[in-house]
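The next block is upload27.txt, given as compact mmCIF, C-alpha atoms.
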```
# COMPACT_ATOMS: atom_id res chain seq x y z
CA MET O 1 137.34 105.99 87.41
CA LYS O 2 140.95 106.68 86.52
CA LEU O 3 143.97 104.52 87.32
CA ILE O 4 147.52 105.50 86.40
CA ILE O 5 150.24 102.87 86.73
CA VAL O 6 153.70 104.39 87.16
CA SER O 7 156.52 102.03 86.29
CA GLY O 8 160.05 102.16 84.97
CA LEU O 9 163.70 101.72 85.80
CA SER O 10 164.96 102.28 89.32
CA GLY O 11 166.48 105.74 89.56
CA SER O 12 164.43 107.16 86.66
CA GLY O 13 162.16 109.31 88.85
CA LYS O 14 159.12 107.16 89.68
CA THR O 15 158.92 108.51 93.23
CA ILE O 16 158.86 112.09 91.93
CA ALA O 17 156.10 111.14 89.49
CA LEU O 18 153.96 109.60 92.23
CA ASP O 19 154.51 112.58 94.54
CA THR O 20 153.46 114.92 91.73
CA LEU O 21 150.32 112.90 90.99
CA GLU O 22 149.46 113.00 94.69
CA ASP O 23 149.70 116.80 94.53
CA CYS O 24 147.29 116.66 91.59
CA GLY O 25 144.65 114.85 93.65
CA TYR O 26 145.50 111.19 93.03
CA TYR O 27 145.43 108.56 95.76
CA CYS O 28 148.93 107.09 95.37
CA ILE O 29 150.34 103.68 96.34
CA ASP O 30 153.99 102.81 95.79
CA ASN O 31 155.16 99.26 95.05
CA LEU O 32 151.84 97.42 95.13
CA PRO O 33 152.50 93.72 94.38
CA VAL O 34 150.95 92.81 91.04
CA LYS O 35 149.39 89.74 92.68
CA LEU O 36 147.30 92.08 94.87
CA LEU O 37 146.18 94.31 92.02
CA GLU O 38 142.90 92.48 91.35
CA ASP O 39 142.01 92.41 95.05
CA PHE O 40 142.74 96.12 95.32
CA ILE O 41 140.50 96.85 92.33
CA ASN O 42 137.62 94.68 93.57
CA HIS O 43 137.71 95.36 97.31
CA VAL O 44 139.02 98.91 97.48
CA MET O 45 138.60 100.97 94.31
CA LEU O 46 135.21 99.64 93.25
CA VAL O 47 133.88 99.67 96.83
CA ASP O 48 134.77 103.31 97.51
CA LYS O 49 134.58 104.95 94.10
CA LYS O 50 134.63 108.48 95.50
CA THR O 51 137.89 108.14 97.43
CA TYR O 52 139.65 106.19 94.68
CA ALA O 53 138.19 107.95 91.64
CA LYS O 54 141.73 109.04 90.73
CA THR O 55 144.35 106.51 91.77
CA ALA O 56 148.03 106.06 90.89
CA ILE O 57 150.00 102.88 91.63
CA GLY O 58 153.73 102.32 91.41
CA ILE O 59 154.77 98.94 90.01
CA ASP O 60 158.45 98.14 89.53
CA ALA O 61 161.13 95.46 89.64
CA ARG O 62 160.58 94.86 93.35
CA ASN O 63 157.74 92.61 92.14
CA GLN O 64 158.52 88.98 91.42
CA SER O 65 159.37 88.39 87.76
CA GLU O 66 156.59 85.80 87.26
CA SER O 67 154.02 88.40 88.33
CA LEU O 68 155.30 90.90 85.77
CA VAL O 69 155.23 88.31 82.96
CA ASN O 70 151.44 88.11 83.30
CA PHE O 71 150.95 91.87 83.41
CA SER O 72 148.90 91.86 80.17
CA ASP O 73 146.23 89.77 81.90
CA ASN O 74 146.08 92.21 84.79
CA LEU O 75 145.71 95.17 82.46
CA LYS O 76 142.90 93.41 80.59
CA MET O 77 141.14 92.68 83.88
CA ILE O 78 141.33 96.34 84.94
CA ARG O 79 139.84 97.63 81.69
CA GLU O 80 137.10 94.98 81.63
CA LYS O 81 135.91 96.41 84.95
CA GLY O 82 135.35 99.79 83.28
CA ILE O 83 138.38 101.54 84.77
CA ASP O 84 140.28 103.94 82.51
CA CYS O 85 143.87 102.75 82.95
CA GLU O 86 147.01 104.36 81.55
CA ILE O 87 150.66 103.49 82.10
CA ILE O 88 153.53 105.94 82.50
CA PHE O 89 156.86 104.19 81.94
CA MET O 90 159.99 106.06 82.96
CA GLU O 91 163.51 105.36 81.77
CA ALA O 92 166.94 106.93 81.46
CA GLU O 93 170.25 106.19 79.80
CA GLU O 94 172.39 103.61 81.56
CA ALA O 95 175.21 106.11 82.18
CA THR O 96 172.72 108.48 83.84
CA LEU O 97 171.34 105.77 86.12
CA LEU O 98 174.83 104.65 87.12
CA LYS O 99 175.75 108.23 87.96
CA ARG O 100 172.59 108.75 90.04
CA TYR O 101 173.26 105.61 92.08
CA SER O 102 176.86 106.66 92.57
CA GLU O 103 175.79 110.10 93.83
CA THR O 104 173.01 108.89 96.15
CA ARG O 105 174.80 105.67 97.20
CA ARG O 106 171.45 103.93 97.32
CA LYS O 107 171.19 100.19 96.72
CA HIS O 108 169.47 98.98 93.55
CA PRO O 109 166.66 96.55 94.46
CA LEU O 110 168.19 93.77 92.34
CA THR O 111 171.82 94.04 93.39
CA ASP O 112 173.45 91.58 95.79
CA TYR O 113 176.84 89.96 96.29
CA ASN O 114 176.55 88.17 92.94
CA ILE O 115 174.90 90.90 90.83
CA ALA O 116 176.66 94.20 90.13
CA LEU O 117 174.75 97.42 89.50
CA LYS O 118 175.31 97.44 85.72
CA GLU O 119 174.05 93.87 85.42
CA ALA O 120 171.08 94.66 87.70
CA LEU O 121 170.00 97.49 85.39
CA LYS O 122 169.96 95.10 82.42
CA ILE O 123 168.00 92.47 84.33
CA GLU O 124 165.52 95.09 85.51
CA LYS O 125 164.92 96.39 81.98
CA GLU O 126 164.17 92.87 80.78
CA MET O 127 161.86 92.18 83.73
CA LEU O 128 159.82 95.31 83.06
CA THR O 129 159.41 94.70 79.32
CA PRO O 130 155.85 93.28 79.75
CA VAL O 131 154.87 96.56 81.41
CA ALA O 132 156.79 98.85 79.04
CA LYS O 133 155.15 97.41 75.92
CA HIS O 134 151.75 98.60 77.19
CA ALA O 135 152.96 102.10 78.12
CA SER O 136 150.70 105.00 77.21
CA VAL O 137 153.67 107.35 77.46
CA MET O 138 157.42 106.84 77.81
CA ILE O 139 159.36 109.53 79.66
CA ASP O 140 163.14 109.80 79.29
CA THR O 141 164.54 111.55 82.37
CA SER O 142 168.22 111.40 81.36
CA ARG O 143 168.45 115.19 81.10
CA THR O 144 165.52 116.17 83.30
CA HIS O 145 165.93 117.57 86.79
CA TYR O 146 163.42 117.45 89.66
CA HIS O 147 161.36 120.54 88.84
CA GLN O 148 161.26 119.83 85.11
CA LEU O 149 160.00 116.31 85.74
CA ARG O 150 157.26 117.56 88.05
CA GLU O 151 156.09 120.03 85.41
CA LEU O 152 156.23 117.36 82.72
CA ILE O 153 154.06 114.99 84.78
CA LYS O 154 151.58 117.78 85.50
CA ASP O 155 151.43 118.68 81.82
CA GLN O 156 150.96 115.07 80.76
CA VAL O 157 148.37 113.85 83.21
CA GLY O 158 147.84 116.31 86.03
CA GLU O 159 144.85 118.37 85.03
CA ARG O 160 143.99 117.55 81.45
CA ASP O 161 140.86 115.97 79.98
CA PHE O 162 141.80 112.36 79.28
CA LYS O 163 139.34 112.14 76.41
CA HIS O 164 141.76 114.04 74.17
CA ILE O 165 145.22 113.15 72.93
CA SER O 166 148.24 114.90 74.42
CA LEU O 167 150.91 116.12 71.98
CA GLN O 168 154.42 116.84 73.21
CA PHE O 169 156.70 118.75 70.86
CA GLN O 170 160.33 118.44 71.94
CA SER O 171 163.46 120.06 70.57
CA PHE O 172 166.85 118.42 71.08
CA GLY O 173 170.45 118.42 69.89
CA TYR O 174 171.79 115.36 68.09
CA LYS O 175 175.19 115.84 69.69
CA HIS O 176 173.52 115.11 73.05
CA GLY O 177 171.64 112.03 71.84
CA ILE O 178 168.16 111.24 70.51
CA PRO O 179 165.35 111.30 73.13
CA LEU O 180 164.36 107.80 74.23
CA ASP O 181 160.69 108.71 74.61
CA ALA O 182 160.01 110.09 71.11
CA ASP O 183 157.34 108.52 68.87
CA PHE O 184 158.49 110.49 65.80
CA VAL O 185 161.90 112.10 65.22
CA PHE O 186 162.50 114.69 62.50
CA ASP O 187 166.01 115.77 61.55
CA ALA O 188 166.38 119.51 60.89
CA ARG O 189 170.17 119.50 60.42
CA SER O 190 169.87 119.99 56.65
CA LEU O 191 168.25 123.41 57.15
CA PRO O 192 170.20 126.71 57.15
CA ASN O 193 171.99 127.05 60.50
CA PRO O 194 171.89 130.40 62.37
CA TYR O 195 174.92 129.22 64.35
CA TRP O 196 177.16 130.25 61.46
CA ILE O 197 175.91 133.83 61.64
CA PRO O 198 178.07 135.54 64.33
CA ASP O 199 175.28 137.84 65.51
CA LEU O 200 172.87 134.89 65.92
CA ARG O 201 175.20 132.29 67.42
CA GLY O 202 174.54 133.22 71.05
CA LEU O 203 170.77 133.44 70.58
CA THR O 204 168.12 130.70 70.44
CA GLY O 205 165.15 129.83 68.27
CA LYS O 206 162.99 131.88 70.61
CA ASP O 207 164.75 135.15 69.79
CA GLN O 208 163.23 137.30 67.06
CA PRO O 209 166.41 137.72 64.95
CA VAL O 210 166.72 133.93 64.69
CA VAL O 211 163.00 133.59 63.95
CA ASP O 212 163.29 136.17 61.15
CA PHE O 213 166.38 134.44 59.73
CA LEU O 214 164.68 131.03 59.56
CA LYS O 215 161.36 132.39 58.25
CA ASP O 216 163.21 133.91 55.28
CA HIS O 217 164.37 130.49 54.03
CA ALA O 218 162.04 128.51 51.79
CA LEU O 219 163.60 125.20 52.90
CA VAL O 220 162.56 125.87 56.49
CA THR O 221 159.00 126.66 55.44
CA GLU O 222 158.87 123.52 53.29
CA PHE O 223 160.19 121.35 56.13
CA TYR O 224 157.64 122.83 58.55
CA ARG O 225 154.75 122.28 56.14
CA ASP O 226 155.76 118.66 55.46
CA ILE O 227 155.71 117.86 59.19
CA THR O 228 152.41 119.71 59.63
CA ASP O 229 150.78 117.81 56.77
CA PHE O 230 152.05 114.50 58.15
CA LEU O 231 150.73 115.16 61.65
CA GLU O 232 147.38 116.53 60.49
CA ARG O 233 146.86 113.32 58.53
CA TRP O 234 147.97 110.85 61.20
CA ILE O 235 147.03 112.37 64.58
CA PRO O 236 143.30 111.58 64.10
CA ARG O 237 144.22 107.97 63.32
CA PHE O 238 146.32 107.64 66.47
CA GLU O 239 143.52 109.20 68.50
CA ALA O 240 140.95 106.85 66.95
CA GLU O 241 143.03 103.88 68.11
CA GLY O 242 142.97 105.14 71.68
CA ARG O 243 146.43 106.69 71.92
CA SER O 244 146.55 109.23 74.73
CA TYR O 245 150.05 110.62 74.16
CA LEU O 246 152.25 111.36 71.18
CA THR O 247 155.77 112.81 71.37
CA ILE O 248 157.21 114.53 68.29
CA ALA O 249 160.90 115.36 68.55
CA ILE O 250 162.69 117.83 66.26
CA GLY O 251 166.46 117.70 66.30
CA CYS O 252 169.26 119.91 65.05
CA THR O 253 172.96 119.84 65.85
CA GLY O 254 172.97 121.64 69.19
CA GLY O 255 169.24 121.93 69.94
CA GLN O 256 169.43 125.73 70.23
CA HIS O 257 168.16 127.31 67.02
CA ARG O 258 166.38 125.36 64.26
CA SER O 259 164.71 122.72 66.40
CA VAL O 260 163.54 125.27 68.97
CA PHE O 261 162.03 127.50 66.27
CA LEU O 262 160.21 124.55 64.64
CA VAL O 263 158.86 123.16 67.91
CA ASP O 264 157.40 126.53 68.89
CA ALA O 265 155.88 126.95 65.42
CA LEU O 266 154.33 123.47 65.45
CA ALA O 267 152.95 123.96 68.97
CA ARG O 268 151.21 127.16 67.86
CA GLN O 269 149.83 125.37 64.80
CA PHE O 270 148.30 122.48 66.75
CA LYS O 271 147.22 124.27 69.91
CA SER O 272 143.45 123.96 70.25
CA PRO O 273 140.71 123.22 72.81
CA VAL O 274 140.72 119.61 71.56
CA LEU O 275 144.44 118.81 71.73
CA ASN O 276 146.60 119.12 74.83
CA VAL O 277 149.89 120.58 73.54
CA ILE O 278 153.11 120.44 75.57
CA ILE O 279 156.41 122.12 74.67
CA ARG O 280 159.77 120.88 75.87
CA HIS O 281 163.13 122.34 74.83
CA ARG O 282 165.57 119.78 76.19
CA GLU O 283 168.85 121.60 75.60
CA LEU O 284 167.63 125.06 76.62
CA HIS O 285 167.28 123.81 80.21
```
Can I see the file as structure tokens?
Amino acid sequence: MKLIIVSGLSGSGKTIALDTLEDCGYYCIDNLPVKLLEDFINHVMLVDKKTYAKTAIGIDARNQSESLVNFSDNLKMIREKGIDCEIIFMEAEEATLLKRYSETRRKHPLTDYNIALKEALKIEKEMLTPVAKHASVMIDTSRTHYHQLRELIKDQVGERDFKHISLQFQSFGYKHGIPLDADFVFDARSLPNPYWIPDLRGLTGKDQPVVDFLKDHALVTEFYRDITDFLERWIPRFEAEGRSYLTIAIGCTGGQHRSVFLVDALARQFKSPVLNVIIRHRELH
């Protein structure tokens, strides 16, 4: 049996994630109180294993803080019952969350007459720390719109074989900030930059002239090989420890040329029937 717990900051896209999982065949429940989790496992999931073979539950700051503090015990209980449980934790930059609440004019679950929105976001992040530390995958939705997030959820957990690790290669631009959900970040800004070639400036790392330019530089090849050697050595160790997801982010200045080229090259290198490989070019969207 498979249980996915979707958690994260209010406004980060948890509802979209649950809707997407429902489309992928999961029985979804939003905002189940943590105190009822064991009863749900014992009297619902384990009683009707066919209906609840694939279940997703949303757990967030609407729970009481004392329930969230003991989340580790709940997670241990779930796994001791033989249920394969993974946690998706969603987050976004504070400025992004503030903007989303301003646009939708929705009320944050922790705000009241004494607690402003900005303070509520900080309290919420602290409350959810016991859940976040057990996350199988962290997803930063700061620069992700509705359709991109749906595709990302589908790629991560929708149809894949959970016995194998999922690798996400992500390109980004440093001038737009480092991704919050990256496990490893590699800086490609020291490599030759196609941006300074007038004919290449308006292209991306997916265009053949840029690919040819970067392939001709030994530094680029050396950088690529170093990352490949590192990942080939350490991916099996992460998989042996039960990691289900690994996000490798490659950054350059604008996220248009060098990082895009390297992410595509690495994805081709590691694509196999054993590994689930996902590509995400943050700035190209």
Which is closest to Lys206 of chain O among O:Arg237, O:His281, O:Arg62, O:Lys122, if we use all atoms listed in the file?
O:His281
Interatomic distance, atom CA of Asp84 of chain O to atom CA of Ala249 of chain O (Å, one decimal):
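The value is 27.4 Å.
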Kindly give the distance, in Å, that separates atom CA of Ile59 of chain O and atom CA of Arg243 of chain O, rounded to a single decimal.
21.4 Å
Atom CA of Pro33 of chain O to atom CA of Met77 of chain O, straight-line distance in Å:
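Between these atoms lies a distance of 15.5 Å.
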For each of O:Phe184, O:Tyr26, O:Phe261, O:Phe270, take the minimum atom-to-atom distance to Asp212 of chain O, counting all atoms listed in the file, then give the residue where this is smallest.
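For Asp212 of chain O, the nearest of the given residues is O:Phe261.
Closest approach to Ala132 of chain O among O:Cys85, O:Phe230, O:Ser7, O:Leu110: O:Ser7, based on all atoms listed in the file.
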Using all atoms listed in the file for the distances, tell me which of O:Val69, O:Leu98, O:Ala135, O:Ala53 is nearest to Val6 of chain O.
O:Ala135
Which residue out of O:Gly58, O:Pro273, O:Gly13, O:Pro209 has the minimum interatomic distance to Cys28 of chain O when only C-alpha atoms are used?
O:Gly58
Restricting the calculation to all atoms listed in the file: of O:Leu219, O:Ile278, O:Ile153, O:Met1, which residue gets closest to Gly82 of chain O?
O:Met1
Which polymer residues have any atom within 10 Å of an atom of Phe213 of chain O, counting all atoms listed in the file, with same-chain residues fewer than 4 positions away left out, as a list in words?
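The neighbour list is Pro192, Asn193, Pro194, Ile197, Leu200, Gly205, Gln208, Pro209, His217 and Val220 of chain O.
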File of the preceding selection, C-alpha atoms, as a CSV table (one decimal), keeping the file's coordinate frame:
```csv
chain,number,residue,atom,x,y,z
O,192,PRO,CA,170.2,126.7,57.2
O,193,ASN,CA,172.0,127.0,60.5
O,194,PRO,CA,171.9,130.4,62.4
O,197,ILE,CA,175.9,133.8,61.6
O,200,LEU,CA,172.9,134.9,65.9
O,205,GLY,CA,165.2,129.8,68.3
O,208,GLN,CA,163.2,137.3,67.1
O,209,PRO,CA,166.4,137.7,65.0
O,217,HIS,CA,164.4,130.5,54.0
O,220,VAL,CA,162.6,125.9,56.5
```
Mind listing as a list in words all residues within 6 Å of (160.5, 110.5, 76.8), counting all atoms listed in the file?
Met138, Ile139, Asp140, Leu180, Asp181 and Ala182 of chain O
Counting all atoms listed in the file, find residues at most 8 Å from (164.1, 127.3, 69.0) (file frame) and give them as an NGL selection string.
:O and (171 or 204-207 or 255-264 or 281)
Which neighbours of Tyr27 of chain O fall inside 7 Å, counting all atoms listed in the file, when residues of the same chain fewer than 4 positions from it are skipped, and could you give them as a PDB file with C-alpha atoms, in the frame of the given file?
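Output contents, as saved in out-v4.pdb:
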```
ATOM      1  CA  GLU O  22     149.460 113.000  94.690  1.00  0.00           C
ATOM      2  CA  TYR O  52     139.650 106.190  94.680  1.00  0.00           C
ATOM      3  CA  LYS O  54     141.730 109.040  90.730  1.00  0.00           C
ATOM      4  CA  THR O  55     144.350 106.510  91.770  1.00  0.00           C
ATOM      5  CA  ALA O  56     148.030 106.060  90.890  1.00  0.00           C
TER       6      ALA O  56
END
```
